[in-house]
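Printed here is protein_11.pdb (PDB, C-alpha atoms, pLDDT in the B column):
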ATOM      1  CA  MET A   1     -20.018   3.189  -3.826  1.00 29.00           C
ATOM      2  CA  ARG A   2     -16.620   1.542  -3.867  1.00 30.00           C
ATOM      3  CA  LYS A   3     -16.063  -1.706  -2.118  1.00 30.00           C
ATOM      4  CA  ILE A   4     -13.159  -1.937   0.312  1.00 32.00           C
ATOM      5  CA  ALA A   5     -12.033  -5.457   0.999  1.00 28.00           C
ATOM      6  CA  VAL A   6     -10.378  -5.990   4.341  1.00 29.00           C
ATOM      7  CA  LEU A   7      -8.705  -9.298   4.967  1.00 26.00           C
ATOM      8  CA  LEU A   8      -7.057  -9.957   8.309  1.00 27.00           C
ATOM      9  CA  LEU A   9      -4.439 -12.650   8.223  1.00 27.00           C
ATOM     10  CA  ALA A  10      -3.579 -13.831  11.730  1.00 29.00           C
ATOM     11  CA  LEU A  11       0.012 -14.901  11.426  1.00 31.00           C
ATOM     12  CA  ALA A  12       2.880 -16.668  13.159  1.00 31.00           C
ATOM     13  CA  LEU A  13       3.939 -16.255  16.700  1.00 29.00           C
ATOM     14  CA  THR A  14       1.872 -15.695  19.863  1.00 29.00           C
ATOM     15  CA  ALA A  15       2.106 -12.625  22.066  1.00 31.00           C
ATOM     16  CA  CYS A  16       1.286  -8.942  21.466  1.00 34.00           C
ATOM     17  CA  ALA A  17       3.799  -6.277  20.484  1.00 38.00           C
ATOM     18  CA  SER A  18       4.383  -3.086  22.454  1.00 47.00           C
ATOM     19  CA  GLN A  19       2.082  -1.092  20.174  1.00 59.00           C
ATOM     20  CA  SER A  20      -1.321  -2.511  19.424  1.00 65.00           C
ATOM     21  CA  PHE A  21      -2.148  -3.673  15.924  1.00 62.00           C
ATOM     22  CA  ASP A  22      -4.764  -0.903  15.625  1.00 61.00           C
ATOM     23  CA  GLN A  23      -2.231   1.755  16.654  1.00 65.00           C
ATOM     24  CA  GLN A  24       0.273   0.521  14.099  1.00 63.00           C
ATOM     25  CA  VAL A  25      -2.257   0.396  11.270  1.00 64.00           C
ATOM     26  CA  SER A  26      -3.660   3.836  12.105  1.00 62.00           C
ATOM     27  CA  ALA A  27      -0.115   5.267  11.810  1.00 64.00           C
ATOM     28  CA  TYR A  28      -0.073   4.445   8.092  1.00 66.00           C
ATOM     29  CA  HIS A  29      -1.281   7.207   5.820  1.00 64.00           C
ATOM     30  CA  PHE A  30      -2.962   5.260   3.052  1.00 68.00           C
ATOM     31  CA  ASP A  31      -3.652   6.922  -0.268  1.00 70.00           C
ATOM     32  CA  GLN A  32      -7.390   6.884  -0.998  1.00 74.00           C
ATOM     33  CA  GLU A  33      -6.701   5.375  -4.412  1.00 73.00           C
ATOM     34  CA  ASP A  34      -4.890   2.453  -2.765  1.00 66.00           C
ATOM     35  CA  ILE A  35      -7.701   1.923  -0.256  1.00 66.00           C
ATOM     36  CA  ASN A  36     -10.233   1.833  -3.095  1.00 68.00           C
ATOM     37  CA  LYS A  37      -8.300  -1.052  -4.681  1.00 69.00           C
ATOM     38  CA  GLY A  38      -8.783  -3.195  -1.576  1.00 71.00           C
ATOM     39  CA  LEU A  39      -6.909  -3.132   1.707  1.00 81.00           C
ATOM     40  CA  ILE A  40      -5.268  -6.226   3.186  1.00 86.00           C
ATOM     41  CA  LEU A  41      -3.979  -5.933   6.732  1.00 84.00           C
ATOM     42  CA  VAL A  42      -1.447  -8.620   7.566  1.00 85.00           C
ATOM     43  CA  ARG A  43      -0.969  -9.215  11.283  1.00 84.00           C
ATOM     44  CA  VAL A  44       2.369 -10.550  12.498  1.00 83.00           C
ATOM     45  CA  SER A  45       2.741 -11.277  16.207  1.00 78.00           C
ATOM     46  CA  SER A  46       5.869 -11.102  18.295  1.00 80.00           C
ATOM     47  CA  SER A  47       6.878 -13.954  20.580  1.00 80.00           C
ATOM     48  CA  GLY A  48       7.243 -11.430  23.403  1.00 82.00           C
ATOM     49  CA  SER A  49      10.852 -12.466  23.936  1.00 85.00           C
ATOM     50  CA  PRO A  50      13.697 -10.461  22.403  1.00 87.00           C
ATOM     51  CA  ILE A  51      15.804 -13.622  22.189  1.00 90.00           C
ATOM     52  CA  SER A  52      13.104 -15.565  20.335  1.00 88.00           C
ATOM     53  CA  ASP A  53      12.397 -12.610  18.059  1.00 87.00           C
ATOM     54  CA  GLY A  54      16.130 -12.374  17.295  1.00 89.00           C
ATOM     55  CA  MET A  55      16.169 -16.042  16.348  1.00 90.00           C
ATOM     56  CA  VAL A  56      13.174 -15.505  14.045  1.00 87.00           C
ATOM     57  CA  LEU A  57      14.898 -12.493  12.432  1.00 88.00           C
ATOM     58  CA  GLY A  58      18.009 -14.573  11.826  1.00 88.00           C
ATOM     59  CA  GLY A  59      15.940 -17.409  10.411  1.00 89.00           C
ATOM     60  CA  LEU A  60      14.094 -15.083   8.056  1.00 89.00           C
ATOM     61  CA  LYS A  61      17.349 -13.604   6.767  1.00 86.00           C
ATOM     62  CA  THR A  62      18.809 -17.046   6.058  1.00 86.00           C
ATOM     63  CA  GLY A  63      15.631 -18.343   4.462  1.00 81.00           C
ATOM     64  CA  ALA A  64      14.984 -20.904   7.218  1.00 81.00           C
ATOM     65  CA  PHE A  65      11.452 -19.595   7.777  1.00 77.00           C
ATOM     66  CA  GLY A  66      10.593 -19.130   4.111  1.00 74.00           C
ATOM     67  CA  ASN A  67       7.699 -21.554   4.396  1.00 79.00           C
ATOM     68  CA  SER A  68       6.211 -20.093   7.577  1.00 83.00           C
ATOM     69  CA  ASN A  69       2.522 -19.224   7.685  1.00 85.00           C
ATOM     70  CA  SER A  70       3.411 -15.534   7.928  1.00 85.00           C
ATOM     71  CA  VAL A  71       5.582 -15.520   4.826  1.00 91.00           C
ATOM     72  CA  GLN A  72       3.093 -17.650   2.910  1.00 91.00           C
ATOM     73  CA  GLY A  73       0.222 -15.346   3.902  1.00 91.00           C
ATOM     74  CA  ILE A  74       2.059 -12.309   2.576  1.00 94.00           C
ATOM     75  CA  VAL A  75       3.005 -14.156  -0.635  1.00 95.00           C
ATOM     76  CA  GLU A  76      -0.673 -14.989  -1.172  1.00 94.00           C
ATOM     77  CA  ALA A  77      -1.659 -11.362  -0.523  1.00 94.00           C
ATOM     78  CA  LEU A  78       0.916 -10.206  -3.113  1.00 96.00           C
ATOM     79  CA  SER A  79      -0.815 -12.370  -5.714  1.00 95.00           C
ATOM     80  CA  ILE A  80      -4.128 -10.500  -5.336  1.00 93.00           C
ATOM     81  CA  PRO A  81      -4.481  -8.017  -8.228  1.00 92.00           C
ATOM     82  CA  ASN A  82      -4.100  -4.354  -7.214  1.00 91.00           C
ATOM     83  CA  ALA A  83      -3.977  -5.215  -3.508  1.00 91.00           C
ATOM     84  CA  THR A  84      -2.905  -2.671  -0.913  1.00 91.00           C
ATOM     85  CA  ILE A  85      -1.039  -4.463   1.863  1.00 92.00           C
ATOM     86  CA  ALA A  86       0.070  -3.256   5.288  1.00 88.00           C
ATOM     87  CA  VAL A  87       2.072  -5.452   7.643  1.00 86.00           C
ATOM     88  CA  ALA A  88       1.771  -4.682  11.359  1.00 81.00           C
ATOM     89  CA  GLY A  89       1.511  -6.297  14.764  1.00 77.00           C
ATOM     90  CA  ALA A  90       5.054  -7.193  15.756  1.00 77.00           C
ATOM     91  CA  GLY A  91       7.894  -4.714  15.986  1.00 82.00           C
ATOM     92  CA  ASP A  92       9.000  -2.958  12.830  1.00 85.00           C
ATOM     93  CA  ALA A  93      12.048  -5.209  12.434  1.00 89.00           C
ATOM     94  CA  LEU A  94       9.954  -8.399  12.425  1.00 90.00           C
ATOM     95  CA  ASN A  95       7.226  -6.892  10.253  1.00 89.00           C
ATOM     96  CA  ASN A  96       9.782  -5.837   7.651  1.00 92.00           C
ATOM     97  CA  ALA A  97      11.729  -9.110   7.844  1.00 93.00           C
ATOM     98  CA  TYR A  98       8.572 -11.113   7.103  1.00 93.00           C
ATOM     99  CA  LEU A  99       7.700  -8.747   4.256  1.00 94.00           C
ATOM    100  CA  GLU A 100      11.206  -8.966   2.799  1.00 95.00           C
ATOM    101  CA  ALA A 101      11.218 -12.770   2.977  1.00 94.00           C
ATOM    102  CA  ALA A 102       7.802 -12.895   1.289  1.00 95.00           C
ATOM    103  CA  MET A 103       8.798 -10.511  -1.513  1.00 96.00           C
ATOM    104  CA  LYS A 104      11.938 -12.558  -2.174  1.00 94.00           C
ATOM    105  CA  LYS A 105       9.884 -15.747  -2.284  1.00 94.00           C
ATOM    106  CA  TYR A 106       7.151 -14.300  -4.517  1.00 96.00           C
ATOM    107  CA  GLN A 107       7.450 -15.483  -8.099  1.00 94.00           C
ATOM    108  CA  GLY A 108       6.054 -13.523 -11.021  1.00 93.00           C
ATOM    109  CA  GLN A 109       4.645 -10.032 -11.367  1.00 96.00           C
ATOM    110  CA  SER A 110       2.404  -8.290  -8.857  1.00 95.00           C
ATOM    111  CA  SER A 111       0.385  -5.097  -9.000  1.00 94.00           C
ATOM    112  CA  ALA A 112       0.321  -4.824  -5.184  1.00 94.00           C
ATOM    113  CA  THR A 113       1.186  -1.748  -3.155  1.00 93.00           C
ATOM    114  CA  VAL A 114       2.861  -2.438   0.179  1.00 93.00           C
ATOM    115  CA  TYR A 115       2.972   0.030   3.074  1.00 89.00           C
ATOM    116  CA  VAL A 116       5.858  -0.253   5.549  1.00 87.00           C
ATOM    117  CA  LYS A 117       7.240   1.587   8.543  1.00 87.00           C
ATOM    118  CA  ALA A 118      11.014   1.459   8.401  1.00 89.00           C
ATOM    119  CA  THR A 119      14.202   3.458   8.209  1.00 92.00           C
ATOM    120  CA  PRO A 120      14.840   5.217   4.892  1.00 93.00           C
ATOM    121  CA  ALA A 121      17.622   2.706   4.131  1.00 94.00           C
ATOM    122  CA  LYS A 122      15.321  -0.261   4.764  1.00 94.00           C
ATOM    123  CA  ILE A 123      12.579   1.273   2.622  1.00 94.00           C
ATOM    124  CA  GLU A 124      15.067   1.617  -0.238  1.00 96.00           C
ATOM    125  CA  ALA A 125      16.251  -1.986   0.239  1.00 96.00           C
ATOM    126  CA  LEU A 126      12.643  -3.225   0.103  1.00 96.00           C
ATOM    127  CA  LYS A 127      12.016  -1.153  -3.035  1.00 97.00           C
ATOM    128  CA  LYS A 128      14.985  -2.809  -4.759  1.00 97.00           C
ATOM    129  CA  ILE A 129      13.502  -6.246  -4.053  1.00 97.00           C
ATOM    130  CA  ALA A 130       9.988  -5.139  -5.031  1.00 97.00           C
ATOM    131  CA  GLN A 131      10.629  -3.162  -8.217  1.00 97.00           C
ATOM    132  CA  PRO A 132      11.504  -6.058 -10.581  1.00 97.00           C
ATOM    133  CA  LYS A 133       8.323  -7.844  -9.481  1.00 97.00           C
ATOM    134  CA  GLY A 134       6.046  -4.852 -10.056  1.00 97.00           C
ATOM    135  CA  ILE A 135       5.396  -4.306  -6.333  1.00 97.00           C
ATOM    136  CA  THR A 136       5.157  -0.704  -5.156  1.00 96.00           C
ATOM    137  CA  VAL A 137       6.586   0.047  -1.706  1.00 95.00           C
ATOM    138  CA  LYS A 138       5.355   3.122   0.137  1.00 91.00           C
ATOM    139  CA  GLY A 139       7.193   3.803   3.346  1.00 84.00           C
ATOM    140  CA  ARG A 140       6.725   5.782   6.491  1.00 79.00           C
ATOM    141  CA  THR A 141      10.007   6.458   8.263  1.00 78.00           C
ATOM    142  CA  GLN A 142      10.494   5.598  11.901  1.00 64.00           C
TER     143      GLN A 142
END
Would you give me this structure, written as structure tokens?
Amino acid sequence: MRKIAVLLLALALTACASQSFDQQVSAYHFDQEDINKGLILVRVSSSGSPISDGMVLGGLKTGAFGNSNSVQGIVEALSIPNATIAVAGAGDALNNAYLEAAMKKYQGQSSATVYVKATPAKIEALKKIAQPKGITVKGRTQ
């Protein structure tokens, strides 16, 4: 019997997103091989305010929140050998912004596989960041 490790990282802000965490995670179509490696579900919460979320997005893009608990949690998950990581909880824009900031901050090589829900263009942008570091990005389009 294969062991599936599930690690929930409660991250960042406070309120719930429009879709529940469970609904977002169940929308991913994980490959069985990736699940067998160990599944890490990273939970990012929205502030509940579009203005606050916009400020967080801007901060993530400029690197101002590079040391946030959310970014650091994802960086730590990327360092786990053969990890399968899914980021959910907040809206897709915040989820992907935290993931992007974490992948940019991550130093070294990783054997992680990351699942995202994003536009095809965003998936490609994340793959360009991930590829040199050995991270595999598997995307589900919006």
Query raised in the report: What residues come out when you apply the PyMOL selection byres ((chain A and resi 117-121) around 9) to this file, written as a list in words?
Result: Gln24, Ala27, Tyr28, Val87, Ala88, Asp92, Ala93, Asn95, Asn96, Tyr115, Val116, Lys122, Ile123, Glu124, Ala125, Leu126, Lys138, Gly139, Arg140, Thr141 and Gln142 of chain A
**Report entry** Selection result of the PyMOL selection byres ((chain A and resi 134) around 6) on this file, as JSON, numbers by chain
**Finding:** {"A": [109, 110, 111, 131, 132, 133, 135]}
Would you write out those residues with C-alpha atoms, as a tab-separated table (two decimals), in the frame of the given file?
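Listed below is the output, again_17.tsv:
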chain	number	residue	atom	x	y	z
A	109	GLN	CA	4.64	-10.03	-11.37
A	110	SER	CA	2.40	-8.29	-8.86
A	111	SER	CA	0.38	-5.10	-9.00
A	131	GLN	CA	10.63	-3.16	-8.22
A	132	PRO	CA	11.50	-6.06	-10.58
A	133	LYS	CA	8.32	-7.84	-9.48
A	135	ILE	CA	5.40	-4.31	-6.33
Query - Residue nearest Val75 of chain A - candidates A:Ala102, A:Ile40, A:Ser52, A:Asp31, atoms counted: all atoms listed in the file - result: A:Ala102
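Take the candidates A:Pro81, A:Gly73, A:Gly54, A:Gly63 and check each one against Ala112 of chain A using all atoms listed in the file; the shortest distance goes to A:Pro81.
Residue nearest Ser68 of chain A, chosen from A:Ala130, A:Ala86, A:Val137, A:Ala101 and counting all atoms listed in the file: A:Ala101.
Picture a line from atom CA of Thr62 of chain A to atom CA of Ser46 of chain A; it runs 18.8 Å.
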Query raised in the report: In terms of the shortest atom-to-atom distance over all atoms listed in the file, which of A:Ser47, A:Val42, A:Leu57, A:Thr84 is closest to Gln72 of chain A?
Result: A:Val42
Requested in this report: Between atom CA of Val44 of chain A and atom CA of Ala77 of chain A, measure the distance and give it in Å to one decimal.
Outcome: 13.7 Å
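Take atom CA of Ala90 of chain A and atom CA of Met103 of chain A: the distance between them is 18.0 Å.
For the choices A:Ser70, A:Ser49, A:Ala83, A:Glu100, the atom-to-atom distance to Thr113 of chain A is smallest for A:Ala83 when using all atoms listed in the file.
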